[in-house]
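Everything below belongs to work_2.cif, which stores mmCIF, C-alpha atoms.
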```cif
data_run
loop_
_atom_site.label_atom_id
_atom_site.label_comp_id
_atom_site.auth_asym_id
_atom_site.auth_seq_id
_atom_site.Cartn_x
_atom_site.Cartn_y
_atom_site.Cartn_z
CA MET A 1 0.54 13.80 6.65
CA LEU A 2 3.46 15.97 5.69
CA THR A 3 4.11 19.53 6.76
CA SER A 4 2.60 22.21 4.54
CA ASP A 5 5.89 22.73 2.71
CA ALA A 6 5.96 19.17 1.46
CA HIS A 7 2.34 18.12 1.68
CA TYR A 8 1.89 18.34 -2.08
CA HIS A 9 3.75 15.06 -2.32
CA ALA A 10 1.86 13.04 0.31
CA PHE A 11 0.79 9.46 -0.35
CA ALA A 12 -2.02 8.64 2.10
CA CYS A 13 -2.55 4.91 1.62
CA THR A 14 -4.51 2.12 3.29
CA SER A 15 -3.47 -1.54 3.05
CA LEU A 16 -5.30 -4.52 4.57
CA ALA A 17 -5.97 -8.21 4.04
CA ILE A 18 -8.87 -10.58 4.64
CA THR A 19 -9.37 -14.35 4.26
CA ASP A 20 -12.17 -16.51 2.93
CA GLN A 21 -13.72 -19.61 4.51
CA ASN A 22 -10.89 -21.71 3.05
CA LYS A 23 -8.25 -19.40 4.56
CA ASN A 24 -7.17 -18.02 1.18
CA VAL A 25 -5.78 -14.48 1.50
CA TYR A 26 -6.96 -11.36 -0.34
CA HIS A 27 -5.13 -8.04 -0.16
CA GLY A 28 -6.68 -4.61 -0.74
CA ARG A 29 -4.96 -1.26 -1.03
CA THR A 30 -5.73 2.35 -1.97
CA LEU A 31 -3.27 5.06 -2.95
CA GLU A 32 -4.11 8.69 -2.24
CA PHE A 33 -2.26 11.58 -3.84
CA SER A 34 -2.90 15.23 -4.68
CA SER A 35 -2.79 14.74 -8.46
CA ASP A 36 -3.14 12.08 -11.16
CA GLU A 37 0.63 12.13 -11.60
CA PRO A 38 2.87 10.26 -11.63
CA GLU A 39 1.34 7.86 -14.13
CA SER A 40 0.89 4.35 -12.81
CA ILE A 41 1.97 1.37 -14.89
CA LEU A 42 0.88 -2.25 -14.55
CA THR A 43 4.21 -4.04 -14.84
CA TYR A 44 5.03 -7.71 -15.28
CA TYR A 45 8.56 -8.93 -14.57
CA PRO A 46 9.35 -12.43 -15.91
CA LYS A 47 11.65 -15.03 -14.44
CA SER A 48 15.39 -14.26 -14.86
CA HIS A 49 14.85 -10.53 -15.41
CA VAL A 50 17.83 -8.71 -13.84
CA PHE A 51 17.62 -5.82 -11.38
CA GLN A 52 20.59 -3.70 -10.34
CA ARG A 53 20.09 -0.23 -8.90
CA LYS A 54 22.76 2.46 -8.61
CA ALA A 55 24.29 3.29 -5.23
CA PRO A 56 24.65 6.87 -3.87
CA ASP A 57 28.10 7.27 -5.45
CA GLY A 58 26.88 6.14 -8.87
CA SER A 59 28.34 2.65 -8.60
CA LEU A 60 26.18 -0.42 -9.12
CA GLY A 61 24.46 -2.01 -6.15
CA LEU A 62 23.26 -5.57 -5.56
CA LYS A 63 22.45 -7.52 -8.71
CA TYR A 64 19.63 -10.04 -8.51
CA ARG A 65 17.54 -12.08 -10.93
CA VAL A 66 13.82 -12.70 -10.69
CA LYS A 67 13.09 -16.13 -9.21
CA TYR A 68 9.35 -15.54 -8.92
CA PRO A 69 7.63 -13.63 -11.75
CA PHE A 70 5.51 -10.81 -10.40
CA LEU A 71 2.90 -8.18 -11.21
CA ALA A 72 3.33 -4.69 -9.78
CA ILE A 73 1.89 -1.21 -9.99
CA THR A 74 4.92 0.96 -10.67
CA ALA A 75 5.60 4.69 -10.91
CA PRO A 76 8.70 6.90 -11.44
CA VAL A 77 9.19 7.81 -7.79
CA SER A 78 13.00 7.81 -7.59
CA ILE A 79 14.24 9.14 -10.93
CA ILE A 80 12.69 10.07 -14.27
CA GLY A 81 12.22 6.96 -16.36
CA ALA A 82 12.54 4.57 -13.42
CA ARG A 83 9.75 2.20 -12.46
CA ASP A 84 9.44 1.78 -8.70
CA ALA A 85 7.06 -0.84 -7.30
CA LEU A 86 4.29 0.58 -5.10
CA GLU A 87 2.18 -2.57 -4.95
CA GLY A 88 2.49 -6.12 -6.24
CA VAL A 89 2.16 -9.89 -5.99
CA ASN A 90 4.43 -12.71 -7.17
CA SER A 91 3.84 -16.23 -8.46
CA ALA A 92 4.45 -17.71 -5.00
CA GLY A 93 1.69 -15.60 -3.45
CA LEU A 94 3.84 -12.98 -1.69
CA ALA A 95 2.19 -9.54 -1.84
CA PHE A 96 3.54 -6.09 -1.03
CA SER A 97 2.46 -2.47 -0.37
CA LEU A 98 4.57 0.68 -0.08
CA ASN A 99 2.94 3.37 2.08
CA MET A 100 4.22 6.79 3.05
CA ILE A 101 5.60 7.70 6.48
CA THR A 102 7.89 10.61 7.30
CA ASP A 103 11.15 10.61 9.29
CA SER A 104 12.19 7.22 7.91
CA GLU A 105 15.73 7.85 6.70
CA LEU A 106 18.19 5.02 7.34
CA ALA A 107 21.54 5.77 8.96
CA PRO A 108 24.25 6.28 6.27
CA LEU A 109 25.61 3.08 4.77
CA SER A 110 29.33 2.51 4.44
CA PRO A 111 30.40 2.84 0.77
CA LYS A 112 32.16 -0.50 1.22
CA LYS A 113 28.69 -2.11 1.33
CA TYR A 114 27.24 -0.41 -1.73
CA ALA A 115 28.00 -3.30 -4.08
CA LYS A 116 25.70 -5.61 -2.10
CA ALA A 117 23.09 -3.03 -1.12
CA VAL A 118 19.52 -2.30 -2.23
CA PRO A 119 17.83 1.14 -2.08
CA ILE A 120 15.11 0.80 0.54
CA ALA A 121 12.47 2.23 -1.81
CA SER A 122 13.15 -0.80 -4.05
CA ILE A 123 12.56 -3.35 -1.30
CA GLY A 124 9.28 -4.37 -2.94
CA GLU A 125 10.79 -5.46 -6.24
CA TRP A 126 13.69 -7.11 -4.40
CA ALA A 127 11.38 -9.08 -2.10
CA LEU A 128 8.84 -10.09 -4.75
CA SER A 129 11.55 -11.23 -7.13
CA GLN A 130 13.48 -13.27 -4.55
CA TYR A 131 11.15 -14.70 -1.89
CA ALA A 132 8.05 -16.85 -1.60
CA THR A 133 6.97 -16.32 2.01
CA VAL A 134 7.00 -13.78 4.80
CA ALA A 135 9.06 -16.24 6.90
CA GLU A 136 11.81 -16.28 4.27
CA LEU A 137 11.72 -12.52 4.00
CA LYS A 138 12.02 -12.04 7.77
CA LYS A 139 15.28 -13.98 7.70
CA ALA A 140 16.63 -12.20 4.62
CA ILE A 141 16.02 -8.56 5.56
CA PRO A 142 18.47 -8.42 8.51
CA LYS A 143 21.15 -9.96 6.29
CA THR A 144 20.72 -7.39 3.51
CA ALA A 145 22.17 -3.87 3.33
CA PHE A 146 19.72 -1.08 2.48
CA TRP A 147 20.17 2.66 2.00
CA SER A 148 17.73 5.59 1.72
CA GLN A 149 17.77 7.25 -1.67
CA LYS A 150 16.53 10.82 -2.13
CA LEU A 151 13.47 10.69 -4.36
CA LEU A 152 12.86 13.09 -7.21
CA LEU A 153 9.06 12.97 -7.04
CA LEU A 154 9.11 13.77 -3.31
CA ARG A 155 11.35 16.84 -3.45
CA ASN A 156 14.42 14.77 -2.64
CA MET A 157 13.00 13.41 0.60
CA PRO A 158 14.99 10.33 1.70
CA SER A 159 12.63 7.41 1.02
CA PRO A 160 9.75 8.39 3.35
CA PHE A 161 8.08 4.98 3.28
CA HIS A 162 7.28 1.84 5.22
CA TYR A 163 6.31 -1.49 3.74
CA ALA A 164 3.77 -4.27 4.33
CA PHE A 165 4.22 -7.86 3.13
CA TYR A 166 1.60 -10.61 3.05
CA ASP A 167 1.72 -14.27 2.02
CA LYS A 168 -0.70 -17.15 1.38
CA THR A 169 -0.39 -18.46 4.95
CA GLY A 170 -1.91 -15.24 6.28
CA ALA A 171 1.39 -14.00 7.72
CA CYS A 172 2.03 -10.27 7.56
CA ILE A 173 4.94 -8.02 8.52
CA VAL A 174 5.59 -4.30 8.47
CA VAL A 175 9.11 -3.14 7.61
CA GLU A 176 9.80 0.32 8.99
CA VAL A 177 12.66 2.66 9.88
CA SER A 178 12.90 4.13 13.38
CA GLY A 179 15.88 6.08 14.64
CA GLY A 180 17.78 5.29 11.47
CA VAL A 181 17.41 1.53 12.02
CA LEU A 182 15.29 -0.87 9.97
CA HIS A 183 12.76 -2.83 12.03
CA VAL A 184 10.56 -5.80 11.10
CA TYR A 185 7.27 -6.07 12.99
CA ASP A 186 4.81 -8.95 12.95
CA ASN A 187 1.41 -7.55 12.03
CA PRO A 188 -1.53 -9.46 13.54
CA THR A 189 -4.01 -6.90 12.18
CA ARG A 190 -2.81 -7.23 8.55
CA CYS A 191 -3.49 -3.48 8.26
CA MET A 192 -1.18 -0.55 7.54
CA THR A 193 -1.77 3.14 6.85
CA ASN A 194 0.82 5.87 7.46
CA GLY A 195 2.33 7.53 10.54
CA PRO A 196 2.91 7.45 13.43
CA GLU A 197 5.21 4.44 13.66
CA PHE A 198 3.48 1.07 13.39
CA PRO A 199 3.80 0.00 17.07
CA TRP A 200 1.94 3.20 18.03
CA HIS A 201 -1.06 2.13 15.93
CA LEU A 202 -1.20 -1.24 17.71
CA THR A 203 -1.11 0.47 21.10
CA ASN A 204 -3.83 2.90 20.01
CA LEU A 205 -6.22 0.01 19.39
CA ASN A 206 -6.51 -0.27 23.18
CA ASN A 207 -8.67 2.86 22.97
CA TYR A 208 -11.27 1.00 20.90
CA THR A 209 -12.28 -2.00 23.01
CA GLN A 210 -15.92 -0.93 22.57
CA LEU A 211 -15.96 -1.60 18.82
CA SER A 212 -18.38 -4.29 17.71
CA ASN A 213 -20.57 -4.85 14.69
CA VAL A 214 -23.56 -5.71 16.90
CA ASP A 215 -26.19 -2.96 16.91
CA VAL A 216 -27.61 -1.87 20.26
CA SER A 217 -30.85 -0.57 18.81
CA SER A 218 -32.85 -0.02 21.97
CA SER A 219 -32.18 0.98 25.55
CA THR A 220 -33.51 2.87 28.56
CA LEU A 221 -32.13 6.38 28.89
CA GLY A 222 -33.35 8.98 31.41
CA ASN A 223 -36.21 6.68 32.46
CA MET A 224 -37.30 6.64 28.84
CA LYS A 225 -37.37 3.81 26.35
CA VAL A 226 -35.33 4.83 23.30
CA SER A 227 -34.83 2.98 20.02
CA GLN A 228 -33.12 3.50 16.67
CA PRO A 229 -35.31 3.97 13.59
CA ASP A 230 -33.10 1.58 11.59
CA SER A 231 -29.87 -0.42 11.80
CA GLY A 232 -26.24 0.73 11.73
CA ILE A 233 -25.68 2.33 15.14
CA ALA A 234 -22.71 0.02 15.75
CA LEU A 235 -20.73 2.11 13.24
CA ALA A 236 -21.11 5.29 15.29
CA ALA A 237 -17.88 4.57 17.17
CA VAL A 238 -15.81 3.76 14.07
CA PRO A 239 -13.55 6.71 13.14
CA ASN A 240 -14.75 8.55 10.05
CA ALA A 241 -11.74 10.82 9.61
CA ASP A 242 -9.39 10.04 6.73
CA THR A 243 -6.33 10.66 8.87
CA SER A 244 -3.80 7.84 9.07
CA VAL A 245 -4.94 7.09 12.64
CA GLY A 246 -8.62 7.07 11.72
CA ARG A 247 -8.07 4.90 8.66
CA PHE A 248 -6.01 2.37 10.59
CA VAL A 249 -8.76 1.79 13.16
CA ARG A 250 -11.34 1.70 10.38
CA ALA A 251 -9.23 -0.83 8.45
CA VAL A 252 -8.98 -3.08 11.50
CA TYR A 253 -12.75 -2.83 12.01
CA TYR A 254 -13.73 -3.68 8.44
CA SER A 255 -11.12 -6.42 8.08
CA THR A 256 -12.52 -7.96 11.27
CA TYR A 257 -16.21 -7.67 10.40
CA TYR A 258 -16.81 -8.60 6.77
CA HIS A 259 -18.80 -11.21 4.87
CA LYS A 260 -16.66 -14.36 4.59
CA VAL A 261 -17.52 -16.83 1.82
CA SER A 262 -15.98 -19.86 0.10
CA ASP A 263 -16.10 -18.65 -3.51
CA PRO A 264 -12.89 -16.72 -4.37
CA ASN A 265 -14.65 -14.55 -6.95
CA VAL A 266 -17.35 -13.56 -4.46
CA GLN A 267 -14.72 -12.91 -1.78
CA MET A 268 -12.97 -10.48 -4.13
CA VAL A 269 -16.28 -8.64 -4.50
CA GLU A 270 -16.59 -8.51 -0.71
CA LEU A 271 -13.04 -7.12 -0.50
CA GLY A 272 -14.03 -4.47 -3.01
CA HIS A 273 -16.87 -3.38 -0.74
CA VAL A 274 -14.47 -3.16 2.20
CA MET A 275 -12.03 -1.02 0.20
CA ASN A 276 -14.88 1.30 -0.79
CA LYS A 277 -14.76 2.47 2.83
CA PHE A 278 -11.36 4.02 2.02
CA ASP A 279 -12.25 5.53 -1.35
CA ARG A 280 -11.68 9.27 -0.97
CA PRO A 281 -13.38 11.58 -3.50
CA LYS A 282 -11.79 14.86 -4.53
CA ASN A 283 -12.55 17.81 -2.22
CA ALA A 284 -13.87 15.63 0.59
CA SER A 285 -11.24 17.52 2.58
CA VAL A 286 -8.80 20.21 1.49
CA ASP A 287 -5.65 21.67 2.99
CA PRO A 288 -5.21 25.44 2.62
CA LEU A 289 -1.56 26.18 1.89
CA LEU A 290 0.06 29.58 1.37
CA GLY A 291 1.40 30.34 -2.08
CA GLU A 292 4.99 31.41 -2.68
CA ASP A 293 4.13 35.09 -2.17
CA ASP A 294 2.16 34.33 1.01
CA ILE A 295 -0.87 36.10 -0.47
CA PHE A 296 -2.72 33.54 -2.56
CA LYS A 297 -3.79 30.35 -0.88
CA LEU A 298 -3.60 27.03 -2.66
CA TYR A 299 -6.14 24.41 -1.65
CA LEU A 300 -4.89 20.86 -2.05
CA THR A 301 -7.04 17.77 -1.92
CA GLU A 302 -5.90 14.19 -1.65
CA PHE A 303 -8.02 11.61 -3.43
CA SER A 304 -7.92 7.88 -4.17
CA VAL A 305 -5.87 7.80 -7.36
CA TRP A 306 -6.32 4.04 -7.53
CA THR A 307 -7.46 0.95 -5.66
CA VAL A 308 -5.99 -2.54 -6.08
CA LEU A 309 -7.49 -5.89 -5.04
CA THR A 310 -5.21 -8.95 -5.06
CA ASP A 311 -5.96 -12.66 -4.80
CA LEU A 312 -2.70 -14.14 -3.46
CA GLN A 313 -3.67 -17.75 -4.14
CA ARG A 314 -4.59 -17.31 -7.80
CA GLY A 315 -2.21 -14.48 -8.73
CA ILE A 316 -4.99 -12.08 -9.74
CA LEU A 317 -4.66 -8.29 -9.50
CA LEU A 318 -7.64 -5.98 -10.05
CA PHE A 319 -6.97 -2.28 -10.68
CA ARG A 320 -9.42 0.64 -10.55
CA GLY A 321 -8.35 4.22 -11.25
CA TYR A 322 -10.16 7.32 -9.98
CA ASN A 323 -11.93 7.86 -13.32
CA ASN A 324 -13.26 4.31 -13.54
CA LEU A 325 -16.17 2.55 -11.91
CA ASN A 326 -15.02 -0.96 -12.86
CA TYR A 327 -11.81 -2.87 -12.20
CA GLN A 328 -9.33 -3.98 -14.85
CA LYS A 329 -8.26 -7.59 -14.35
CA PHE A 330 -4.68 -8.82 -14.70
CA THR A 331 -3.35 -12.30 -13.91
CA LEU A 332 0.10 -13.78 -13.67
CA GLU A 333 -1.14 -16.56 -15.92
CA GLN A 334 -1.85 -14.22 -18.83
CA PHE A 335 1.82 -13.20 -18.97
CA VAL A 336 3.32 -16.66 -18.42
CA ASN A 337 4.82 -16.81 -21.92
CA GLU A 338 6.41 -13.36 -21.77
CA LYS A 339 10.21 -13.34 -21.73
CA GLU A 340 10.64 -9.57 -21.33
CA PRO A 341 8.97 -7.10 -18.94
CA VAL A 342 5.51 -5.86 -19.92
CA PHE A 343 4.33 -2.31 -19.20
CA ILE A 344 0.67 -1.24 -19.44
CA GLN A 345 -0.57 2.24 -18.51
CA VAL A 346 -3.59 1.84 -16.26
CA ASN A 347 -4.58 5.17 -14.70
CA ILE A 348 -5.26 7.41 -17.69
CA PRO A 349 -6.47 10.71 -16.17
CA ASP A 350 -8.96 11.56 -18.94
CA SER A 351 -10.31 8.06 -19.46
CA ALA A 352 -14.04 7.65 -19.94
CA LEU A 353 -16.14 5.99 -17.25
CA VAL A 354 -16.69 2.33 -17.98
#
```
In structure tokens, what does this structure look like?
Amino acid sequence: MLTSDAHYHAFACTSLAITDQNKNVYHGRTLEFSSDEPESILTYYPKSHVFQRKAPDGSLGLKYRVKYPFLAITAPVSIIGARDALEGVNSAGLAFSLNMITDSELAPLSPKKYAKAVPIASIGEWALSQYATVAELKKAIPKTAFWSQKLLLLRNMPSPFHYAFYDKTGACIVVEVSGGVLHVYDNPTRCMTNGPEFPWHLTNLNNYTQLSNVDVSSSTLGNMKVSQPDSGIALAAVPNADTSVGRFVRAVYYSTYYHKVSDPNVQMVELGHVMNKFDRPKNASVDPLLGEDDIFKLYLTEFSVWTVLTDLQRGILLFRGYNNLNYQKFTLEQFVNEKEPVFIQVNIPDSALV
């Protein structure tokens, strides 16, 4: 969470992955925000499409062509009119999520390196367009120059994000800035939320050794036989708070204990049920913030603007906005004949329930 001065711009996101009985990988992610804006666009980038972002001095940065066509959910985070990837999957089965975390500004980059540099907020499009696996990406990131751009949507905050990558082998990494330096962490949990820094979340799991999905429905307490009236007591120890810390532990729990099947379509349904545990309705919690005149209070609520389910093996992306009960389905295959980028608005704020 951000401080009250900047909280209006917080993305509180949860990203996780599960596998089916055949070890195929499925990636789920929610995005929380305090309004329906910015609009989210389902974007398809075809092979050979060229990316080249501007450096801090206005010169052109690294130029790269798409090797692996990809689908992404994009939004104008950096500048008006730009399309920045928040989530996506490519034709090789590499998937990506951008989640918010504060205090993540990279140390200044020498202007001499601008021509071969990538803004860190664009690492998703760079990775999806260029690489097929997490292993390849782990080798490429240390060899690539990145810089932190100040983002218009986030009141010119310097790229307050970290990034999760998944591939079809089940490998997962988190890419995160600490002390001005970019770090790459192996992620055995395949989960990511927001702050604190990712290694802290792994250490915090040591406080939850008692978690299990096995109900203890009867016992002897105070010389008295006690029993539960129904099932579900195992969930009592799972954090319910929608803080980053609570959601991380909850994500690890539900991505450990879920119904694993062999049918990919059924497994996507099971992933949808898991991600429902991170669906935040409006006003479930509100933050009271002082207005500009310090008299009127403004109550802000973060809610799940959208949820995305991704099948890495088949290149399928399912999108559900806050105002929808059902998912929209997009596949890499349906765009295979496109030679130019495709842009489809997907989270229409006043859309009817379907």
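Compared by their closest atoms to Thr209 (chain A), and using all atoms listed in the file, the residues A:Lys339, A:Val226, A:His162, A:Ala237 rank with A:Ala237 nearest.
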If the PyMOL selection byres ((chain A and resi 71) around 6) were run on this exact file, what residues would it hold? Put them as a PDB file with C-alpha atoms, in the frame of the given file.
```pdb
ATOM      1  CA  THR A  43       4.210  -4.040 -14.840  1.00  0.00           C
ATOM      2  CA  TYR A  44       5.030  -7.710 -15.280  1.00  0.00           C
ATOM      3  CA  PHE A  70       5.510 -10.810 -10.400  1.00  0.00           C
ATOM      4  CA  ALA A  72       3.330  -4.690  -9.780  1.00  0.00           C
ATOM      5  CA  GLY A  88       2.490  -6.120  -6.240  1.00  0.00           C
ATOM      6  CA  VAL A  89       2.160  -9.890  -5.990  1.00  0.00           C
TER       7      VAL A  89
END
```
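Put simply, CA of Thr144 (chain A) is 12.3 Å away from CA of Lys63 (chain A).
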Convert the output of the PyMOL selection byres ((chain A and resi 173) around 6) on the shown file into explicit residues, formatted as a PyMOL selection string. chain A and resi 164-165+172+174+185-187
For CA of Tyr254 (chain A) and CA of Val214 (chain A), the interatomic separation in Å (one decimal): 13.1 Å
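Between CA of Ile41 (chain A) and CA of Val346 (chain A) lies a distance of 5.7 Å.
Residue selection for this entry, given the PyMOL selection byres ((chain A and resi 64) around 10), comprises Ser48, His49, Val50, Phe51, Gln52, Arg53, Gly61, Leu62, Lys63, Arg65, Val66, Lys67, Lys116, Val118, Trp126, Ser129 and Gln130 of chain A.
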Would you mind listing what lies within 7 Å of Glu302 (chain A) as a PyMOL selection string, with only C-alpha atoms counted and same-chain residues fewer than 3 positions away left out? chain A and resi 32-34+282
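With all atoms listed in the file taken into account, the protein and nucleic acid residues at most 6 Å from region 256-268 of chain A (excluding it and anything under 2 positions from it in its own chain) are Asp20, Gln21, Tyr253, Tyr254, Glu270 and Leu271 of chain A.
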Nearest to Val177 (chain A), restricted to all atoms listed in the file and choosing among A:Asp311, A:Asp103, A:Glu340, A:Glu333, comes out as A:Asp103
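Compared by their closest atoms to Tyr68 (chain A), and using all atoms listed in the file, the residues A:Pro158, A:Gly93, A:Gly232, A:Pro119 rank with A:Gly93 nearest.
Residues lying within 10 Å of Ser218 (chain A), counting all atoms listed in the file and ignoring same-chain neighbours fewer than 4 positions away, are Lys225, Val226, Ser227, Gln228 and Pro229 of chain A.
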Just add all heavy atoms to region 302-311 of chain A and send it as a compact mmCIF listing (two decimals), keeping the file's coordinate frame.
```txt
# COMPACT_ATOMS: atom_id res chain seq x y z
N GLU A 302 -6.35 15.53 -1.35
CA GLU A 302 -5.90 14.19 -1.65
C GLU A 302 -7.12 13.34 -2.02
O GLU A 302 -8.18 13.48 -1.42
CB GLU A 302 -5.17 13.58 -0.45
CG GLU A 302 -3.82 14.22 -0.18
CD GLU A 302 -3.10 13.56 0.98
OE1 GLU A 302 -3.53 12.46 1.39
OE2 GLU A 302 -2.12 14.13 1.47
N PHE A 303 -6.93 12.46 -3.00
CA PHE A 303 -8.02 11.61 -3.43
C PHE A 303 -7.46 10.23 -3.79
O PHE A 303 -6.25 10.06 -3.96
CB PHE A 303 -8.77 12.22 -4.62
CG PHE A 303 -7.90 12.47 -5.82
CD1 PHE A 303 -7.82 11.55 -6.85
CD2 PHE A 303 -7.18 13.65 -5.94
CE1 PHE A 303 -7.02 11.77 -7.96
CE2 PHE A 303 -6.38 13.90 -7.04
CZ PHE A 303 -6.30 12.95 -8.06
N SER A 304 -8.34 9.26 -3.89
CA SER A 304 -7.92 7.88 -4.17
C SER A 304 -7.59 7.74 -5.65
O SER A 304 -8.47 7.49 -6.47
CB SER A 304 -9.00 6.88 -3.75
OG SER A 304 -9.24 6.97 -2.36
N VAL A 305 -6.31 7.89 -5.97
CA VAL A 305 -5.87 7.80 -7.36
C VAL A 305 -6.17 6.42 -7.91
O VAL A 305 -6.60 6.27 -9.05
CB VAL A 305 -4.36 8.11 -7.46
CG1 VAL A 305 -3.87 7.98 -8.91
CG2 VAL A 305 -4.07 9.51 -6.92
N TRP A 306 -5.95 5.39 -7.11
CA TRP A 306 -6.32 4.04 -7.53
C TRP A 306 -6.53 3.12 -6.34
O TRP A 306 -6.08 3.39 -5.23
CB TRP A 306 -5.32 3.43 -8.51
CG TRP A 306 -3.85 3.51 -8.23
CD1 TRP A 306 -2.96 4.37 -8.81
CD2 TRP A 306 -3.06 2.68 -7.35
NE1 TRP A 306 -1.68 4.14 -8.34
CE2 TRP A 306 -1.71 3.10 -7.46
CE3 TRP A 306 -3.36 1.62 -6.50
CZ2 TRP A 306 -0.67 2.50 -6.73
CZ3 TRP A 306 -2.33 1.03 -5.77
CH2 TRP A 306 -1.01 1.47 -5.89
N THR A 307 -7.22 2.02 -6.63
CA THR A 307 -7.46 0.95 -5.66
C THR A 307 -7.07 -0.37 -6.32
O THR A 307 -7.37 -0.59 -7.50
CB THR A 307 -8.95 0.89 -5.25
OG1 THR A 307 -9.33 2.16 -4.70
CG2 THR A 307 -9.18 -0.21 -4.22
N VAL A 308 -6.40 -1.23 -5.56
CA VAL A 308 -5.99 -2.54 -6.08
C VAL A 308 -6.51 -3.64 -5.16
O VAL A 308 -6.44 -3.53 -3.93
CB VAL A 308 -4.45 -2.64 -6.19
CG1 VAL A 308 -4.00 -4.08 -6.41
CG2 VAL A 308 -3.94 -1.76 -7.33
N LEU A 309 -7.07 -4.69 -5.75
CA LEU A 309 -7.49 -5.89 -5.04
C LEU A 309 -6.64 -7.05 -5.56
O LEU A 309 -6.49 -7.20 -6.77
CB LEU A 309 -8.97 -6.20 -5.28
CG LEU A 309 -9.98 -5.06 -5.16
CD1 LEU A 309 -11.38 -5.57 -5.49
CD2 LEU A 309 -9.93 -4.45 -3.77
N THR A 310 -6.10 -7.87 -4.65
CA THR A 310 -5.21 -8.95 -5.06
C THR A 310 -5.64 -10.27 -4.43
O THR A 310 -5.89 -10.35 -3.23
CB THR A 310 -3.76 -8.65 -4.63
OG1 THR A 310 -3.38 -7.38 -5.14
CG2 THR A 310 -2.81 -9.70 -5.19
N ASP A 311 -5.72 -11.29 -5.26
CA ASP A 311 -5.96 -12.66 -4.80
C ASP A 311 -4.59 -13.35 -4.78
O ASP A 311 -4.02 -13.66 -5.83
CB ASP A 311 -6.90 -13.35 -5.78
CG ASP A 311 -7.24 -14.78 -5.38
OD1 ASP A 311 -6.38 -15.46 -4.77
OD2 ASP A 311 -8.34 -15.25 -5.74
```
